[in-house]
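The file structure-v5.txt contains compact mmCIF, C-alpha atoms and all ligand atoms:
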# COMPACT_ATOMS: atom_id res chain seq x y z
CA MET A 1 107.05 113.90 97.95
CA GLU A 2 110.79 113.52 97.90
CA LEU A 3 113.12 110.55 97.97
CA VAL A 4 113.46 109.02 101.41
CA ILE A 5 116.05 110.59 103.69
CA VAL A 6 116.51 107.92 106.33
CA GLU A 7 117.41 110.25 109.21
CA GLU A 8 114.39 112.47 108.56
CA VAL A 9 111.94 109.61 108.31
CA GLN A 10 113.37 108.12 111.50
CA LYS A 11 112.97 111.45 113.27
CA GLU A 12 109.29 111.58 112.21
CA LEU A 13 108.70 107.98 113.32
CA ASN A 14 110.10 108.94 116.73
CA ARG A 15 107.92 112.04 116.88
CA LEU A 16 104.73 110.04 116.33
CA ALA A 17 105.57 107.20 118.75
CA ASN A 18 103.78 106.58 122.06
CA GLN A 19 100.58 108.41 121.16
CA ASP A 20 97.33 107.59 119.41
CA VAL A 21 97.89 107.76 115.65
CA TYR A 22 95.82 106.90 112.59
CA ILE A 23 97.26 104.62 109.93
CA HIS A 24 96.63 104.46 106.19
CA LEU A 25 98.25 101.35 104.74
CA GLU A 26 97.75 100.20 101.20
CA THR A 27 99.39 97.93 98.70
CA THR A 28 98.20 97.85 95.12
CA ASN A 29 99.06 96.53 91.69
CA GLY A 30 96.15 98.38 90.12
CA ALA A 31 92.68 97.20 89.18
CA TYR A 32 93.71 96.51 85.58
CA ALA A 33 96.69 94.23 86.21
CA THR A 34 94.88 91.01 85.30
CA HIS A 35 93.03 92.70 82.42
CA ASN A 36 96.38 93.72 80.93
CA ASP A 37 98.16 90.43 81.69
CA GLU A 38 96.05 87.35 82.39
CA SER A 39 98.98 85.53 83.99
CA PHE A 40 99.30 88.25 86.64
CA PHE A 41 98.02 87.37 90.08
CA SER A 42 96.31 90.51 91.36
CA SER A 43 96.55 91.26 95.06
CA GLY A 44 96.48 94.19 97.43
CA ALA A 45 95.28 95.34 100.81
CA PHE A 46 93.91 98.60 102.20
CA ILE A 47 93.20 99.94 105.66
CA ARG A 48 92.39 103.57 106.44
CA ASN A 49 92.16 105.19 109.84
CA ALA A 50 93.25 102.23 111.95
CA LEU A 51 93.85 103.72 115.41
CA VAL A 52 97.07 102.43 116.96
CA LYS A 53 99.81 103.40 119.37
CA TYR A 54 103.36 102.18 118.74
CA GLU A 55 106.25 102.02 121.13
CA ILE A 56 108.97 101.98 118.49
CA GLY A 57 108.97 102.70 114.77
CA GLN A 58 112.01 102.08 112.57
CA ILE A 59 113.12 102.48 108.98
CA LYS A 60 115.40 99.72 107.65
CA GLY A 61 117.13 98.70 104.45
CA ASN A 62 119.16 100.43 101.74
CA GLY A 63 116.26 101.57 99.59
CA PRO A 64 113.55 100.85 98.78
CA TYR A 65 113.04 100.86 102.53
CA ARG A 66 111.10 98.86 105.09
CA ILE A 67 109.11 100.53 107.86
CA GLY A 68 107.96 98.64 110.95
CA LEU A 69 105.94 99.79 113.95
CA LYS A 70 105.94 97.69 117.12
CA LEU A 71 102.59 98.03 118.89
CA ASN A 72 101.84 96.97 122.43
CA ILE A 73 99.77 94.14 121.02
CA GLY A 74 101.06 93.63 117.48
CA TRP A 75 102.81 95.01 114.43
CA VAL A 76 102.39 97.19 111.37
CA TYR A 77 104.85 96.76 108.54
CA ALA A 78 105.39 97.88 104.94
CA GLU A 79 108.17 97.44 102.39
CA GLY A 80 109.05 99.12 99.13
CA ILE A 81 109.01 102.68 100.50
CA THR A 82 110.84 105.14 98.21
CA HIS A 83 109.33 108.59 98.94
CA PHE A 84 108.13 110.63 101.89
CA GLU A 85 106.64 113.96 102.86
CA VAL A 86 105.50 115.64 106.07
CA ASP A 87 102.43 117.55 104.98
CA ASP A 88 100.86 120.73 106.34
CA GLN A 89 98.88 118.67 108.87
CA ASN A 90 102.02 117.11 110.34
CA ARG A 91 101.21 113.75 108.81
CA LEU A 92 104.03 111.46 107.76
CA LEU A 93 103.14 110.34 104.24
CA MET A 94 105.31 107.57 102.86
CA ALA A 95 104.94 105.83 99.52
CA GLY A 96 106.65 103.33 97.28
CA HIS A 97 106.61 104.10 93.57
CA ASP A 98 107.50 101.36 91.09
CA TYR A 99 109.93 101.70 88.18
CA GLN A 100 107.25 103.39 86.04
CA GLY A 101 106.48 105.82 88.85
CA LYS A 102 103.17 104.20 89.76
CA LEU A 103 102.16 103.88 93.37
CA ALA A 104 102.74 100.36 94.73
CA VAL A 105 102.49 100.94 98.47
CA ALA A 106 101.35 103.79 100.72
CA PHE A 107 102.02 103.99 104.45
CA GLN A 108 100.82 107.10 106.26
CA ILE A 109 100.80 108.01 109.95
CA SER A 110 98.73 110.88 111.28
CA PRO A 111 97.90 112.29 114.71
CA THR A 112 94.38 113.08 113.39
CA PRO A 113 91.99 110.94 111.33
CA PHE A 114 92.42 110.97 107.55
CA GLU A 115 89.41 112.59 105.85
CA MET B 1 72.32 109.69 66.43
CA GLU B 2 68.85 110.21 67.82
CA LYS B 3 68.23 113.52 69.55
CA GLU B 4 67.69 113.07 73.30
CA ARG B 5 65.63 115.22 75.67
CA GLN B 6 68.02 114.81 78.65
CA ILE B 7 71.04 112.59 79.27
CA LEU B 8 72.30 111.22 82.59
CA VAL B 9 75.80 109.72 82.74
CA ILE B 10 76.75 107.69 85.81
CA PHE B 11 80.35 106.52 86.26
CA PRO B 12 82.52 105.91 89.32
CA HIS B 13 85.78 107.62 88.36
CA PRO B 14 86.88 110.97 87.01
CA ASP B 15 88.23 110.05 83.51
CA ASP B 16 85.72 107.21 82.93
CA GLU B 17 83.78 109.67 80.78
CA ALA B 18 86.82 110.78 78.79
CA PHE B 19 87.73 107.65 76.84
CA GLY B 20 84.43 106.00 76.10
CA VAL B 21 81.74 108.67 75.90
CA SER B 22 83.05 112.25 75.79
CA GLY B 23 82.64 112.48 72.00
CA THR B 24 79.07 111.21 72.15
CA LEU B 25 78.25 113.67 74.92
CA ALA B 26 79.81 116.57 73.02
CA LEU B 27 77.72 115.72 69.94
CA HIS B 28 74.52 115.60 72.01
CA ILE B 29 75.37 118.91 73.68
CA GLN B 30 75.95 120.46 70.23
CA LYS B 31 72.39 119.43 69.37
CA GLY B 32 71.13 121.18 72.50
CA THR B 33 70.60 118.18 74.80
CA PRO B 34 71.42 118.89 78.46
CA VAL B 35 73.76 116.38 80.12
CA THR B 36 74.10 115.56 83.82
CA TYR B 37 77.21 113.68 84.89
CA ALA B 38 77.09 111.92 88.26
CA CYS B 39 80.57 110.75 89.26
CA LEU B 40 80.64 108.52 92.31
CA THR B 41 84.25 108.92 93.52
CA LEU B 42 87.23 111.21 93.06
CA GLY B 43 89.53 108.38 92.01
CA GLU B 44 91.28 108.61 95.37
CA MET B 45 93.13 105.33 94.80
CA GLY B 46 94.67 106.16 91.44
CA ARG B 47 98.21 104.86 91.04
CA ASN B 48 99.49 107.68 88.84
CA LEU B 49 100.90 110.38 91.07
CA GLY B 50 103.49 111.72 88.62
CA ASN B 51 107.04 110.59 87.98
CA PRO B 52 108.71 112.05 89.98
CA PRO B 53 105.57 112.22 92.14
CA PHE B 54 103.80 115.61 92.23
CA ALA B 55 100.85 114.30 94.25
CA THR B 56 100.35 112.24 97.39
CA ARG B 57 97.57 109.85 98.39
CA GLU B 58 96.04 112.77 100.30
CA SER B 59 96.40 115.50 97.68
CA LEU B 60 95.29 113.35 94.71
CA PRO B 61 91.50 113.70 95.25
CA HIS B 62 91.80 117.51 95.33
CA ILE B 63 93.77 117.46 92.07
CA ARG B 64 91.35 115.04 90.40
CA LYS B 65 88.34 117.10 91.44
CA VAL B 66 89.70 120.09 89.54
CA GLU B 67 90.57 117.86 86.58
CA LEU B 68 87.02 116.49 86.56
CA GLN B 69 85.58 120.00 86.50
CA ASN B 70 87.91 120.93 83.63
CA ALA B 71 86.94 117.78 81.73
CA ALA B 72 83.25 118.53 82.18
CA ASN B 73 83.87 122.06 80.89
CA SER B 74 85.66 120.82 77.79
CA ILE B 75 82.71 118.55 76.95
CA GLY B 76 80.25 121.33 77.77
CA ILE B 77 78.56 119.55 80.69
CA GLN B 78 76.68 122.04 82.86
CA ASP B 79 75.48 119.75 85.64
CA LEU B 80 78.34 117.83 87.28
CA ARG B 81 77.53 115.98 90.49
CA MET B 82 80.18 114.41 92.73
CA LEU B 83 78.54 111.79 94.87
CA GLY B 84 81.18 111.35 97.58
CA TYR B 85 81.87 107.62 97.43
CA ARG B 86 85.41 106.32 97.75
CA ASP B 87 87.41 104.78 94.94
CA LYS B 88 87.64 100.95 95.07
CA THR B 89 84.95 100.65 97.75
CA VAL B 90 81.80 101.01 95.63
CA GLU B 91 81.23 97.23 95.43
CA PHE B 92 81.26 97.03 99.23
CA GLU B 93 78.43 99.54 99.69
CA ASP B 94 74.99 98.14 100.54
CA PRO B 95 73.70 97.29 97.04
CA GLU B 96 70.10 98.23 97.90
CA LYS B 97 71.11 101.62 99.30
CA LEU B 98 73.35 102.28 96.33
CA ALA B 99 70.50 101.45 93.94
CA ASP B 100 68.20 103.72 96.02
CA HIS B 101 70.69 106.57 95.60
CA MET B 102 70.92 105.98 91.84
CA GLY B 103 67.10 105.88 91.73
CA GLU B 104 66.88 109.27 93.46
CA ILE B 105 69.23 110.82 90.93
CA ILE B 106 67.31 109.27 88.02
CA ALA B 107 64.03 110.59 89.44
CA ASP B 108 65.50 114.04 89.88
CA VAL B 109 67.18 114.31 86.46
CA ASN B 110 64.39 112.49 84.59
CA PRO B 111 66.60 111.48 81.64
CA SER B 112 65.50 110.07 78.30
CA LEU B 113 68.87 108.25 78.11
CA ILE B 114 71.19 106.92 80.81
CA ILE B 115 74.80 105.97 80.09
CA THR B 116 76.75 103.76 82.52
CA PHE B 117 78.97 100.66 82.60
CA TYR B 118 77.69 97.22 81.62
CA PRO B 119 77.72 95.24 84.88
CA GLY B 120 80.01 92.22 84.65
CA TYR B 121 81.79 93.45 81.52
CA SER B 122 83.63 96.53 82.71
CA VAL B 123 86.80 95.18 84.36
CA HIS B 124 87.09 97.47 87.40
CA PRO B 125 84.96 96.38 90.39
CA ASP B 126 83.71 99.97 90.81
CA HIS B 127 82.56 100.00 87.17
CA ASP B 128 80.65 96.74 87.56
CA ALA B 129 79.11 97.80 90.88
CA THR B 130 78.04 101.18 89.51
CA GLY B 131 76.50 99.61 86.41
CA ALA B 132 74.72 97.02 88.56
CA ALA B 133 73.24 99.70 90.83
CA VAL B 134 71.99 101.73 87.85
CA VAL B 135 70.52 98.63 86.19
CA LYS B 136 68.79 97.74 89.46
CA ALA B 137 67.39 101.26 89.86
CA VAL B 138 66.10 101.39 86.27
CA GLY B 139 64.72 97.85 86.58
CA ARG B 140 62.56 98.98 89.49
CA LEU B 141 60.69 101.36 87.20
CA ALA B 142 57.65 100.20 85.25
CA PRO B 143 58.86 99.09 81.77
CA GLU B 144 57.09 101.97 79.99
CA LYS B 145 58.69 104.49 82.38
CA ARG B 146 62.27 103.31 81.85
CA PRO B 147 64.72 105.62 80.09
CA LYS B 148 66.96 104.06 77.46
CA LEU B 149 70.04 102.51 79.04
CA HIS B 150 73.28 102.47 77.03
CA CYS B 151 76.19 100.59 78.59
CA VAL B 152 79.92 100.78 77.99
CA ALA B 153 81.75 97.42 78.14
CA PHE B 154 85.41 96.64 77.58
CA SER B 155 86.23 93.33 79.25
CA LYS B 156 87.87 90.76 76.99
CA ASN B 157 84.71 88.63 76.89
CA SER B 158 82.31 91.47 76.05
CA LEU B 159 82.17 90.89 72.28
CA ASP B 160 81.86 87.10 72.66
CA GLU B 161 79.14 87.21 75.27
CA LEU B 162 77.22 90.39 74.49
CA GLY B 163 77.65 90.32 70.73
CA ALA B 164 78.57 93.39 68.72
CA PRO B 165 77.62 96.74 70.27
CA ASP B 166 74.31 97.89 68.81
CA ILE B 167 75.34 101.55 68.89
CA VAL B 168 78.57 102.85 67.40
CA ASN B 169 78.89 106.64 67.29
CA ASP B 170 81.38 108.26 64.96
CA VAL B 171 82.74 111.18 66.98
CA THR B 172 85.39 112.34 64.48
CA ALA B 173 83.70 115.75 64.26
CA VAL B 174 84.44 116.41 67.95
CA SER B 175 87.73 114.53 68.28
CA ASP B 176 89.57 117.71 69.36
CA GLN B 177 87.11 118.13 72.20
CA LYS B 178 87.52 114.49 73.13
CA ILE B 179 91.30 114.77 73.26
CA ALA B 180 91.01 117.94 75.34
CA THR B 181 88.81 116.00 77.75
CA ILE B 182 91.35 113.20 78.06
CA GLN B 183 94.07 115.83 78.55
CA ALA B 184 92.06 117.50 81.32
CA HIS B 185 92.73 114.43 83.46
CA ALA B 186 96.42 115.22 83.32
CA SER B 187 97.44 113.41 86.50
CA GLN B 188 96.18 110.13 85.05
CA THR B 189 96.67 110.57 81.30
CA GLN B 190 99.91 112.54 80.90
CA LEU B 191 101.93 109.50 79.86
CA MET B 192 99.37 107.86 77.58
CA ILE B 193 98.42 111.08 75.80
CA GLN B 194 101.91 111.43 74.30
CA ASN B 195 101.72 107.94 72.90
CA MET B 196 98.21 108.65 71.63
CA ALA B 197 99.19 111.90 69.93
CA GLU B 198 102.14 110.25 68.18
CA LYS B 199 99.99 107.42 66.85
CA LEU B 200 97.30 109.81 65.64
CA LYS B 201 99.93 111.90 63.89
CA ALA B 202 101.25 108.78 62.18
CA ASN B 203 97.67 107.91 61.11
CA ASP B 204 97.73 104.65 63.05
CA PRO B 205 94.40 103.07 61.97
CA ASP B 206 93.77 101.27 65.30
CA MET B 207 94.29 104.44 67.29
CA ILE B 208 92.11 106.50 64.95
CA ALA B 209 89.33 103.91 65.20
CA TRP B 210 89.70 103.76 68.98
CA VAL B 211 89.40 107.53 69.40
CA ASN B 212 86.71 108.18 66.80
CA ASN B 213 84.27 105.35 67.54
CA GLU B 214 82.32 105.09 70.77
CA ARG B 215 80.50 101.84 71.37
CA PHE B 216 77.46 101.06 73.48
CA TRP B 217 75.30 98.06 74.25
CA THR B 218 71.63 98.78 74.93
CA TYR B 219 70.75 97.02 78.17
CA LYS B 220 67.81 94.64 77.75
CA PHE B 221 65.79 93.78 80.83
ZN ZN A 301 87.12 103.86 86.01
Before we go any further, please render this structure as structure tokens.
Ligand SMILES: [Zn+2]
Amino acid sequence: MELVIVEEVQKELNRLANQDVYIHLETTNGAYATHNDESFFSSGAFIRNALVKYEIGQIKGNGPYRIGLKLNIGWVYAEGITHFEVDDQNRLLMAGHDYQGKLAVAFQISPTPFE
Amino acid sequence: MEKERQILVIFPHPDDEAFGVSGTLALHIQKGTPVTYACLTLGEMGRNLGNPPFATRESLPHIRKVELQNAANSIGIQDLRMLGYRDKTVEFEDPEKLADHMGEIIADVNPSLIITFYPGYSVHPDHDATGAAVVKAVGRLAPEKRPKLHCVAFSKNSLDELGAPDIVNDVTAVSDQKIATIQAHASQTQLMIQNMAEKLKANDPDMIAWVNNERFWTYKF
């Protein structure tokens, strides 16, 4: 993972547009948030291997970044993205790490299903 | 500590064994008791990926699998079983099927003692769901056929509601092994281990007590 380079992420979003892709999208504050601080409202969401096709994908903001995919019939969106990597399977892995370095959001787009 | 014929440990995450039970297991292994560790997931959803990140969501399970094997080696566990569930989804499995699976492992290993999480008192939903499945599987056995069941609990209400743990093992004699086990899970423990080492060096009594005492509640059916 390296810090987001807007042009490179945008290039990857363009590469993966207009074809069937699999999405991993996750937000998390950790399973121990409320245990460590009772006033903390714990929330998160997770979807893995949602099959979608998007017509346009864009990266926005000045960092941390927002990523949005416009589908024929809807949207996929994440914010707080700080890091990215294109792995050896040509998957675009994006993540947002908080100020302690812990994962807060993951947004991944792959031409093949995630294992 | 009573000598056991065979121990079966069932936890959902690599590193669950490190903090609460690795000293106890090392002591049993020293006495010649074989230990089987069944770990349900590879901690795929862990939030610690390094700072700056050295792992991704997709590489983390591969890293944690190696860490788990190293941790098992430092305790001396010969039989490590990875069950292939996914982190944070254990509670959404069919509870009957999950209990069936736990029952198969119990039948196969035939332990005199099982160690797992106390359902309802173990904070993480995977911990509670794993403990519940093990309790259900053991509960299905005739009372005279049931192995002993020792549960780890650490929710804030555990002392109030369960009372004091009936088993407290002093693991000072194997504390080096225990720390090595915690260290083996480097991706998850790197930051905390520094803090731990400093406190131990300064003879912080809370930290010493936390490392050297392992607490269990015997589950009563
Ligand atoms: Zn755990």
Distance cut-off 12 Å, counting all atoms listed in the file - which residues of chain A neighbour chain B? Return them as number ranges by chain. A: 1-3, 24-38, 44-48, 82-89, 91-110, 113-115
Name all residues at most 6 Å from region 23-39 of chain B (count all atoms listed in the file; drop same-chain ones fewer than 4 positions away) and give them as a PDB file with C-alpha atoms, keeping the file's coordinate frame.
ATOM      1  CA  ARG B   5      65.630 115.220  75.670  1.00  0.00           C
ATOM      2  CA  GLN B   6      68.020 114.810  78.650  1.00  0.00           C
ATOM      3  CA  ILE B   7      71.040 112.590  79.270  1.00  0.00           C
ATOM      4  CA  LEU B   8      72.300 111.220  82.590  1.00  0.00           C
ATOM      5  CA  VAL B   9      75.800 109.720  82.740  1.00  0.00           C
ATOM      6  CA  ILE B  10      76.750 107.690  85.810  1.00  0.00           C
ATOM      7  CA  PHE B  11      80.350 106.520  86.260  1.00  0.00           C
ATOM      8  CA  PRO B  12      82.520 105.910  89.320  1.00  0.00           C
ATOM      9  CA  ILE B  75      82.710 118.550  76.950  1.00  0.00           C
ATOM     10  CA  ILE B  77      78.560 119.550  80.690  1.00  0.00           C
ATOM     11  CA  ASP B  79      75.480 119.750  85.640  1.00  0.00           C
ATOM     12  CA  LEU B  80      78.340 117.830  87.280  1.00  0.00           C
ATOM     13  CA  ARG B  81      77.530 115.980  90.490  1.00  0.00           C
ATOM     14  CA  MET B  82      80.180 114.410  92.730  1.00  0.00           C
ATOM     15  CA  VAL B 171      82.740 111.180  66.980  1.00  0.00           C
ATOM     16  CA  VAL B 174      84.440 116.410  67.950  1.00  0.00           C
ATOM     17  CA  LYS B 178      87.520 114.490  73.130  1.00  0.00           C
TER      18      LYS B 178
END
Near-region 58-70 of chain A list (6 Å; only C-alpha atoms; drop same-chain fewer than 6 positions) as a PyMOL selection string: chain A and resi 76-82
Could you work out how far CA of Asn213 (chain B) lies from CA of Gln78 (chain B), giving the answer in Å with one decimal?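 Answer for the CA of Gln78 (chain B) to CA of Asn213 (chain B) separation: 23.9 Å.
Taking CA of Phe19 (chain B) as the reference point, CA of Val211 (chain B) is found at 7.6 Å.
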